[in-house]
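What follows is the content of entry10.txt (compact mmCIF, C-alpha atoms and all ligand atoms).
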```
# COMPACT_ATOMS: atom_id res chain seq x y z
CA MET A 1 19.13 8.07 15.71
CA ARG A 2 17.72 5.63 18.25
CA ILE A 3 14.83 7.36 19.94
CA VAL A 4 12.29 6.32 22.57
CA LEU A 5 9.08 8.33 22.86
CA LEU A 6 7.81 7.83 26.39
CA GLY A 7 4.48 8.95 27.82
CA CYS A 8 1.27 7.79 29.42
CA PRO A 9 -1.65 6.50 27.34
CA GLY A 10 -3.00 9.39 25.27
CA ALA A 11 0.08 11.59 25.65
CA GLY A 12 0.30 11.78 21.85
CA LYS A 13 3.06 9.24 21.20
CA GLY A 14 1.34 7.75 18.15
CA THR A 15 0.35 11.13 16.71
CA GLN A 16 3.86 12.56 17.07
CA SER A 17 5.67 9.38 16.00
CA LYS A 18 3.80 9.33 12.70
CA ILE A 19 4.72 12.98 12.01
CA LEU A 20 8.37 12.58 13.05
CA SER A 21 8.96 9.35 11.14
CA GLU A 22 7.53 10.93 8.01
CA ARG A 23 9.70 14.00 8.45
CA TYR A 24 12.99 12.29 9.36
CA GLY A 25 12.48 8.83 7.82
CA PHE A 26 12.93 7.02 11.15
CA PRO A 27 11.33 3.55 11.13
CA HIS A 28 8.37 3.80 13.56
CA ILE A 29 7.98 0.77 15.84
CA ALA A 30 4.72 0.96 17.83
CA THR A 31 4.17 -2.14 19.93
CA GLY A 32 0.45 -1.45 20.48
CA ASP A 33 -0.12 -1.13 16.71
CA LEU A 34 1.85 -4.32 16.08
CA PHE A 35 -0.24 -6.23 18.64
CA ARG A 36 -3.51 -4.86 17.22
CA ALA A 37 -2.43 -5.95 13.71
CA GLU A 38 -1.74 -9.47 15.03
CA ILE A 39 -5.14 -9.56 16.74
CA THR A 40 -6.90 -8.44 13.54
CA ALA A 41 -5.00 -11.09 11.56
CA GLY A 42 -6.06 -13.76 14.09
CA SER A 43 -2.46 -14.99 14.43
CA VAL A 44 -1.16 -17.14 17.30
CA LEU A 45 0.51 -14.05 18.80
CA GLY A 46 -2.72 -12.11 18.39
CA LEU A 47 -4.70 -14.75 20.27
CA GLN A 48 -2.03 -14.81 22.97
CA VAL A 49 -2.10 -11.05 23.61
CA ALA A 50 -5.74 -10.06 22.95
CA GLY A 51 -6.85 -10.44 26.58
CA TYR A 52 -4.09 -8.16 27.87
CA LEU A 53 -4.97 -5.36 25.46
CA LYS A 54 -8.69 -5.67 26.15
CA SER A 55 -8.19 -5.44 29.92
CA GLY A 56 -5.61 -2.64 29.78
CA THR A 57 -2.83 -4.72 31.34
CA LEU A 58 0.65 -5.28 29.92
CA VAL A 59 1.64 -8.14 27.67
CA PRO A 60 4.38 -10.21 29.41
CA ASP A 61 7.87 -8.78 28.94
CA ALA A 62 9.31 -11.88 27.23
CA VAL A 63 6.63 -11.76 24.51
CA VAL A 64 7.12 -8.03 23.84
CA VAL A 65 10.91 -8.18 23.87
CA GLU A 66 10.98 -11.07 21.39
CA MET A 67 8.71 -9.17 19.00
CA VAL A 68 10.69 -5.93 19.26
CA ALA A 69 14.05 -7.72 18.88
CA GLY A 70 12.82 -9.07 15.54
CA LYS A 71 11.79 -5.60 14.38
CA LEU A 72 15.08 -3.96 15.44
CA GLN A 73 17.02 -6.31 13.20
CA GLY A 74 15.56 -4.45 10.23
CA CYS A 75 16.61 -1.02 11.57
CA PRO A 76 20.43 -0.79 11.59
CA ASP A 77 20.37 3.00 11.12
CA GLY A 78 18.01 3.87 13.95
CA PHE A 79 14.34 3.89 14.91
CA LEU A 80 11.61 5.63 16.81
CA LEU A 81 10.09 3.43 19.53
CA ASP A 82 6.50 4.21 20.56
CA GLY A 83 5.06 2.25 23.49
CA PHE A 84 8.24 0.32 24.21
CA PRO A 85 9.92 -0.07 26.65
CA ARG A 86 7.18 0.01 29.26
CA THR A 87 8.84 -1.75 32.19
CA LEU A 88 12.33 -1.69 33.68
CA GLU A 89 12.82 -5.25 32.45
CA GLN A 90 11.99 -4.17 28.90
CA ALA A 91 14.35 -1.17 29.14
CA GLN A 92 17.18 -3.40 30.35
CA ALA A 93 16.48 -5.94 27.60
CA LEU A 94 16.57 -3.13 25.01
CA ASP A 95 19.90 -1.86 26.34
CA LYS A 96 21.29 -5.38 26.13
CA LEU A 97 20.08 -5.90 22.55
CA LEU A 98 21.65 -2.60 21.47
CA ARG A 99 24.90 -3.28 23.35
CA GLN A 100 25.23 -6.53 21.42
CA GLU A 101 25.34 -4.55 18.19
CA GLY A 102 27.57 -1.81 19.64
CA SER A 103 24.91 0.89 19.88
CA GLN A 104 22.73 2.58 22.48
CA ILE A 105 19.65 4.76 22.93
CA ASP A 106 20.45 8.33 21.84
CA MET A 107 17.38 10.13 23.15
CA VAL A 108 14.35 9.50 25.34
CA MET A 109 11.64 12.15 25.05
CA HIS A 110 8.91 12.04 27.67
CA LEU A 111 5.55 13.68 26.89
CA HIS A 112 3.93 14.51 30.21
CA MET A 113 0.18 15.12 30.60
CA ARG A 114 -2.57 15.76 33.16
CA GLU A 115 -4.75 12.70 33.87
CA GLU A 116 -8.10 14.40 33.18
CA GLU A 117 -6.93 15.62 29.78
CA VAL A 118 -5.75 12.10 28.96
CA VAL A 119 -9.17 10.60 29.72
CA ARG A 120 -10.85 13.26 27.56
CA ARG A 121 -8.46 12.62 24.67
CA LEU A 122 -8.69 8.85 24.76
CA THR A 123 -12.45 8.55 25.08
CA GLY A 124 -12.64 10.91 22.06
CA ARG A 125 -10.06 9.11 19.95
CA ARG A 126 -11.10 7.50 16.67
CA SER A 127 -8.75 5.72 14.28
CA CYS A 128 -8.95 4.56 10.70
CA SER A 129 -9.79 0.86 10.41
CA SER A 130 -7.59 0.64 7.33
CA CYS A 131 -4.57 3.00 7.46
CA GLY A 132 -4.50 3.74 11.21
CA ALA A 133 -4.71 7.55 10.86
CA LEU A 134 -5.75 9.18 14.15
CA TYR A 135 -8.69 11.53 14.80
CA ASN A 136 -10.45 12.98 17.80
CA VAL A 137 -14.10 13.96 18.28
CA VAL A 138 -12.95 17.05 20.22
CA SER A 139 -9.71 18.22 18.68
CA HIS A 140 -9.36 16.62 15.24
CA LEU A 141 -12.53 15.78 13.32
CA PRO A 142 -12.43 14.10 9.90
CA ARG A 143 -13.81 16.06 6.94
CA VAL A 144 -16.63 13.50 6.47
CA ASP A 145 -18.23 12.15 9.64
CA GLY A 146 -16.94 8.64 10.49
CA LYS A 147 -14.65 8.39 7.42
CA CYS A 148 -10.87 8.66 7.09
CA ASP A 149 -9.59 11.77 5.26
CA HIS A 150 -6.75 9.77 3.70
CA CYS A 151 -8.36 6.55 2.49
CA GLY A 152 -12.13 6.89 3.12
CA ALA A 153 -12.33 3.79 5.33
CA ASP A 154 -14.55 3.70 8.45
CA LEU A 155 -13.27 5.22 11.70
CA ILE A 156 -13.43 3.00 14.78
CA GLN A 157 -13.04 3.39 18.53
CA ARG A 158 -10.44 1.18 20.24
CA ASP A 159 -11.80 -1.49 22.64
CA ASP A 160 -9.53 -0.18 25.40
CA ASP A 161 -10.60 3.49 25.10
CA GLY A 162 -13.65 3.31 27.42
CA SER A 163 -13.15 5.47 30.54
CA ALA A 164 -12.84 2.51 32.99
CA ILE A 165 -10.11 0.79 30.96
CA VAL A 166 -8.37 4.12 30.33
CA ARG A 167 -8.12 4.66 34.11
CA LYS A 168 -6.80 1.11 34.51
CA ARG A 169 -4.15 1.78 31.81
CA LEU A 170 -3.13 4.97 33.64
CA MET A 171 -2.67 3.02 36.88
CA VAL A 172 -0.55 0.44 35.08
CA TYR A 173 1.50 3.31 33.61
CA GLU A 174 2.12 4.84 37.05
CA ASP A 175 3.12 1.49 38.57
CA LEU A 176 5.24 -0.05 35.84
CA THR A 177 6.26 2.58 33.28
CA ARG A 178 6.77 5.77 35.32
CA PRO A 179 9.98 4.28 36.88
CA LEU A 180 11.56 4.52 33.43
CA VAL A 181 11.75 8.29 33.83
CA ALA A 182 14.34 7.88 36.60
CA TYR A 183 16.08 5.08 34.69
CA TYR A 184 16.64 7.20 31.57
CA ARG A 185 17.34 10.38 33.52
CA ALA A 186 20.21 8.55 35.21
CA ALA A 187 21.50 7.48 31.78
CA ASN A 188 21.59 11.16 30.73
CA VAL A 189 19.53 10.71 27.57
CA PHE A 190 16.26 12.09 28.94
CA ARG A 191 14.21 15.13 27.86
CA GLU A 192 10.83 16.17 29.30
CA LEU A 193 8.23 17.93 27.11
CA ASP A 194 4.70 19.19 27.66
CA GLY A 195 2.36 16.83 25.75
CA GLY A 196 -0.67 18.95 26.70
CA ARG A 197 0.01 21.65 24.11
CA PRO A 198 -1.51 21.65 20.59
CA VAL A 199 -0.16 18.98 18.23
CA GLU A 200 1.87 21.39 16.09
CA GLU A 201 3.56 22.95 19.15
CA VAL A 202 4.50 19.54 20.55
CA THR A 203 5.93 18.56 17.15
CA LEU A 204 8.08 21.71 17.03
CA ALA A 205 9.38 21.06 20.54
CA LEU A 206 10.28 17.45 19.67
CA MET A 207 11.96 18.53 16.44
CA ALA A 208 14.04 21.11 18.30
CA VAL A 209 15.36 18.36 20.58
CA ILE A 210 16.08 15.98 17.69
CA ASP A 211 17.72 18.65 15.52
CA GLY A 212 19.85 19.77 18.47
CA ALA A 213 21.04 16.22 19.08
CA ARG A 214 21.80 15.70 15.38
CA VAL A 215 23.90 18.87 15.25
CA ARG A 216 25.90 17.75 18.32
CA SER A 217 26.55 14.21 17.02
P1 LIG B 1 -0.59 1.34 22.97
O1 LIG B 1 -1.31 1.23 21.70
O2 LIG B 1 0.87 1.58 22.96
O3 LIG B 1 -1.37 2.40 23.85
P2 LIG B 1 -0.87 3.52 24.88
O4 LIG B 1 0.55 3.57 25.24
O5 LIG B 1 -1.81 3.34 25.98
O6 LIG B 1 -0.95 4.80 24.08
P3 LIG B 1 -2.12 5.29 23.22
O7 LIG B 1 -2.01 4.70 21.83
O8 LIG B 1 -3.42 5.12 23.91
O9 LIG B 1 -1.84 6.87 23.21
P4 LIG B 1 -0.79 7.75 22.43
O10 LIG B 1 0.16 8.33 23.41
O11 LIG B 1 -0.21 7.04 21.24
O12 LIG B 1 -1.77 8.92 21.95
P5 LIG B 1 -2.35 9.25 20.50
O13 LIG B 1 -1.29 9.89 19.68
O14 LIG B 1 -3.07 8.07 19.91
O15 LIG B 1 -0.79 0.00 23.84
C1 LIG B 1 -2.04 -0.63 23.94
C2 LIG B 1 -1.89 -1.93 24.73
O16 LIG B 1 -0.96 -2.81 24.07
C3 LIG B 1 -1.34 -1.79 26.15
O17 LIG B 1 -2.36 -1.46 27.09
C4 LIG B 1 -0.78 -3.20 26.40
O18 LIG B 1 -1.81 -4.13 26.65
C5 LIG B 1 -0.18 -3.53 25.02
N1 LIG B 1 1.22 -3.10 24.92
C6 LIG B 1 1.71 -2.20 24.02
N2 LIG B 1 3.03 -2.03 24.19
C7 LIG B 1 3.39 -2.84 25.23
C8 LIG B 1 4.62 -3.08 25.90
N3 LIG B 1 5.75 -2.46 25.53
N4 LIG B 1 4.61 -3.95 26.93
C9 LIG B 1 3.49 -4.60 27.32
N5 LIG B 1 2.29 -4.41 26.73
C10 LIG B 1 2.24 -3.53 25.69
O19 LIG B 1 -3.43 10.38 20.87
C11 LIG B 1 -4.60 10.07 21.59
C12 LIG B 1 -5.75 10.98 21.11
O20 LIG B 1 -5.42 12.34 21.42
C13 LIG B 1 -5.99 10.94 19.58
O21 LIG B 1 -7.37 11.09 19.34
C14 LIG B 1 -5.23 12.17 19.05
O22 LIG B 1 -5.84 12.68 17.87
C15 LIG B 1 -5.35 13.14 20.24
N6 LIG B 1 -4.18 14.00 20.41
C16 LIG B 1 -2.86 13.65 20.32
N7 LIG B 1 -2.06 14.69 20.58
C17 LIG B 1 -2.89 15.73 20.86
C18 LIG B 1 -2.65 17.11 21.22
N8 LIG B 1 -1.39 17.59 21.36
N9 LIG B 1 -3.73 17.90 21.46
C19 LIG B 1 -5.00 17.41 21.33
N10 LIG B 1 -5.28 16.13 20.99
C20 LIG B 1 -4.23 15.30 20.75
```
Turn the structure described in the file into C-alpha cells.
Ligand code: AP5
Amino acid sequence: MRIVLLGCPGAGKGTQSKILSERYGFPHIATGDLFRAEITAGSVLGLQVAGYLKSGTLVPDAVVVEMVAGKLQGCPDGFLLDGFPRTLEQAQALDKLLRQEGSQIDMVMHLHMREEEVVRRLTGRRSCSSCGALYNVVSHLPRVDGKCDHCGADLIQRDDDGSAIVRKRLMVYEDLTRPLVAYYRAANVFRELDGGRPVEEVTLALMAVIDGARVRS
C-alpha cells in the first residue's frame, strides 16, 4: 500500500509510523528524520537544510521532492510517508512521480489534534540519539532517566521543540500543509482520525482503516 500519514507537528506521525511499519512491513520514509540524519552526518544536503529545520520553516520543495523521489525508487511495493508531502506543490509532485510508474496514493490518514496538546507533547518529547526511539516526559518515560530503553544511548531534545519554534511550526502547518486536507479529500483517499487519544487507541484506529482497505483491494 502507498500511504501518507498527515498531521500537524506532534500529532504522533513518527510514533504511529514506527509501529505500523513494524507491524505491516511498510518502508517508513520520514523526511524530518532523513534531514536530521544528513545534518548529523555534516553532508552537503545537511548543511543546506539545517537553517530551515532550526527555524521551523520548510525546506524548499525542489530539495525535498528530489530526496523523496530517490527513496521511492527503492519501494516498488508501497511505503508509509511521514512528513511528506507538506505543500500542494509536493503533493502534486508525488502524484506525478507515482503516475509515471502507473501507481497512486491508496490512503491518506490525517491525525488531528488540539494546538495546546501539541505544544505540551512537543516540549516534552525526547528521542534517542542513536536509534531514534521516541519518549515523552509526560506520557512515555524511559525506564532509566535520560537513557533509551532499547539501546541505552542518551536521550536528547530536538532543537526545534522549544515552545516558540513549535508555535512557528504550527503556523507553517496551518498556512502550507492544512490545504492538503482538501486536496486529498477531493481525491477520495482521505480518512480523518483523532490523534489526541492514547497511543494504543490511535494505532488500533489506523490499523482498522488499513485492514479495511486491504480487504477491499
Ligand atoms: P518533522 O520531523 O517531520 O517534524 P513534524 O512534522 O513537525 O512532526 P514531529 O516529528 O514534530 O511530530 P510527530 O507528528 O512525528 O509526533 P511524534 O510521534 O514524534 O520535520 C521537522 C522539520 O524538517 C520541518 O520543520 C521542516 O523544516 C523539515 N521538513 C520535514 N519534512 C519536510 C517537507 N516535506 N517539506 C519541507 N520541509 C520539511 O510525537 C511527539 C511526542 O508526543 C513524542 O514525545 C511522543 O512520545 C508523544 N506522543 C505521540 N503520540 C502520542 C499520544 N497518542 N498520546 C500521548 N503522547 C503521544
Go through A:Thr57, A:Ser43, A:Thr31, A:Ser17 and flag the residue nearest A:Leu170, using only C-alpha atoms for the distances.
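Closest candidate: A:Thr57.
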For ligand LIG 1 (chain B), list the contacting residues at 7 Å or closer, counting all atoms listed in the file, as a ChimeraX atom specification.
/A:7-16,30-33,35,52-53,56-61,64,82-86,121-122,124-126,134-136,139-140,169,195-199,202
What would the list of residues within 10 Å of (-7.3, -1.9, 27.4) (file frame) look like as a ChimeraX atom specification, if all atoms listed in the file are what count?
/A:50-58,158-169
Box for stretch 193-205 of chain A: with edges along x, y and z, all listed atoms inside and 3 Å added on each side, what are the centre and edge lengths in Å to one decimal, as lines of an AutoDock Vina configuration file?
```
center_x = 3.9
center_y = 19.9
center_z = 21.9
size_x = 16.9
size_y = 12.1
size_z = 17.6
```
So, with all atoms listed in the file as the atoms that count, which of A:Ala62, A:Leu80, A:Ala91, A:Ile39 lies closest to A:Leu180?
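That would be A:Ala91, the residue with the smallest distance to A:Leu180.
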Check the smallest atom-to-atom distance from each of A:Glu101, A:Glu192, A:Asp95, A:Asp154 to A:Cys75 using all atoms listed in the file, then report the winner.
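Closest candidate: A:Glu101.
Shortest atom-to-atom contact with A:Lys96 among A:Val65, A:Leu5, A:Ala133, A:Met113: A:Val65, counting all atoms listed in the file.
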What does the distance from atom CA of A:Asp106 to atom CA of A:Arg2 come to in Å, to one decimal?
5.3 Å
Calculate how many Å separate atom CA of A:Ala186 from atom CA of A:Val108, rounding to one decimal.
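Interatomic distance here is 11.5 Å.
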For atom CA of A:Arg143 and atom CA of A:Leu20, determine how far apart the two atoms are, in Å to one decimal place.
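So the two atoms, atom CA of A:Arg143 and atom CA of A:Leu20, lie 23.3 Å apart.
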The residue from A:Glu115, A:Glu66, A:Asp149, A:Asp211 with the smallest atom-to-atom distance to A:Met171, counting all atoms listed in the file, is A:Glu115
Nearest residue to A:His28 from the set A:Ala213, A:Leu204, A:Leu81, A:Ile3 (distances using only C-alpha atoms)
A:Leu81
Report as a PyMOL selection string all protein, DNA and RNA residues lying within 12 Å of A:Pro76, evaluated on all atoms listed in the file, omitting residues in the same chain fewer than 6 positions from it.
chain A and resi 1-2+26-27+69-70+98+101-104
Atom completion result for stretch 111-129 of chain A (N, CA and C atoms) as a PDB file, in the frame of the given file:
```pdb
ATOM      1  N   LEU A 111       6.677  12.734  27.006  1.00  0.00           N
ATOM      2  CA  LEU A 111       5.550  13.680  26.890  1.00  0.00           C
ATOM      3  C   LEU A 111       4.726  13.558  28.162  1.00  0.00           C
ATOM      4  N   HIS A 112       4.716  14.610  28.981  1.00  0.00           N
ATOM      5  CA  HIS A 112       3.930  14.510  30.210  1.00  0.00           C
ATOM      6  C   HIS A 112       2.575  15.198  30.040  1.00  0.00           C
ATOM      7  N   MET A 113       1.577  14.710  30.793  1.00  0.00           N
ATOM      8  CA  MET A 113       0.180  15.120  30.600  1.00  0.00           C
ATOM      9  C   MET A 113      -0.596  15.057  31.910  1.00  0.00           C
ATOM     10  N   ARG A 114      -1.676  15.862  32.008  1.00  0.00           N
ATOM     11  CA  ARG A 114      -2.570  15.760  33.160  1.00  0.00           C
ATOM     12  C   ARG A 114      -3.569  14.627  32.929  1.00  0.00           C
ATOM     13  N   GLU A 115      -3.907  13.894  34.017  1.00  0.00           N
ATOM     14  CA  GLU A 115      -4.750  12.700  33.870  1.00  0.00           C
ATOM     15  C   GLU A 115      -6.115  13.020  33.243  1.00  0.00           C
ATOM     16  N   GLU A 116      -6.755  14.107  33.682  1.00  0.00           N
ATOM     17  CA  GLU A 116      -8.100  14.400  33.180  1.00  0.00           C
ATOM     18  C   GLU A 116      -8.093  14.668  31.673  1.00  0.00           C
ATOM     19  N   GLU A 117      -7.058  15.333  31.214  1.00  0.00           N
ATOM     20  CA  GLU A 117      -6.930  15.620  29.780  1.00  0.00           C
ATOM     21  C   GLU A 117      -6.728  14.306  28.996  1.00  0.00           C
ATOM     22  N   VAL A 118      -5.992  13.395  29.608  1.00  0.00           N
ATOM     23  CA  VAL A 118      -5.750  12.100  28.960  1.00  0.00           C
ATOM     24  C   VAL A 118      -7.074  11.348  28.775  1.00  0.00           C
ATOM     25  N   VAL A 119      -7.902  11.328  29.801  1.00  0.00           N
ATOM     26  CA  VAL A 119      -9.170  10.600  29.720  1.00  0.00           C
ATOM     27  C   VAL A 119     -10.042  11.231  28.629  1.00  0.00           C
ATOM     28  N   ARG A 120     -10.050  12.555  28.567  1.00  0.00           N
ATOM     29  CA  ARG A 120     -10.850  13.260  27.560  1.00  0.00           C
ATOM     30  C   ARG A 120     -10.338  12.919  26.151  1.00  0.00           C
ATOM     31  N   ARG A 121      -9.028  12.935  25.988  1.00  0.00           N
ATOM     32  CA  ARG A 121      -8.460  12.620  24.670  1.00  0.00           C
ATOM     33  C   ARG A 121      -8.776  11.189  24.240  1.00  0.00           C
ATOM     34  N   LEU A 122      -8.587  10.255  25.177  1.00  0.00           N
ATOM     35  CA  LEU A 122      -8.690   8.850  24.760  1.00  0.00           C
ATOM     36  C   LEU A 122     -10.131   8.420  24.517  1.00  0.00           C
ATOM     37  N   THR A 123     -11.062   8.936  25.324  1.00  0.00           N
ATOM     38  CA  THR A 123     -12.450   8.550  25.080  1.00  0.00           C
ATOM     39  C   THR A 123     -12.949   9.197  23.782  1.00  0.00           C
ATOM     40  N   GLY A 124     -12.255  10.256  23.323  1.00  0.00           N
ATOM     41  CA  GLY A 124     -12.640  10.910  22.060  1.00  0.00           C
ATOM     42  C   GLY A 124     -11.846  10.437  20.863  1.00  0.00           C
ATOM     43  N   ARG A 125     -10.900   9.544  21.081  1.00  0.00           N
ATOM     44  CA  ARG A 125     -10.060   9.110  19.950  1.00  0.00           C
ATOM     45  C   ARG A 125     -10.843   8.207  18.994  1.00  0.00           C
ATOM     46  N   ARG A 126     -10.623   8.408  17.709  1.00  0.00           N
ATOM     47  CA  ARG A 126     -11.100   7.500  16.670  1.00  0.00           C
ATOM     48  C   ARG A 126      -9.912   7.216  15.759  1.00  0.00           C
ATOM     49  N   SER A 127      -9.846   5.999  15.199  1.00  0.00           N
ATOM     50  CA  SER A 127      -8.750   5.720  14.280  1.00  0.00           C
ATOM     51  C   SER A 127      -9.280   5.015  13.038  1.00  0.00           C
ATOM     52  N   CYS A 128      -8.516   5.145  11.962  1.00  0.00           N
ATOM     53  CA  CYS A 128      -8.950   4.560  10.700  1.00  0.00           C
ATOM     54  C   CYS A 128      -8.784   3.050  10.749  1.00  0.00           C
ATOM     55  N   SER A 129      -9.830   2.329  10.361  1.00  0.00           N
ATOM     56  CA  SER A 129      -9.790   0.860  10.410  1.00  0.00           C
ATOM     57  C   SER A 129      -8.853   0.313   9.346  1.00  0.00           C
TER      58      SER A 129
END
```
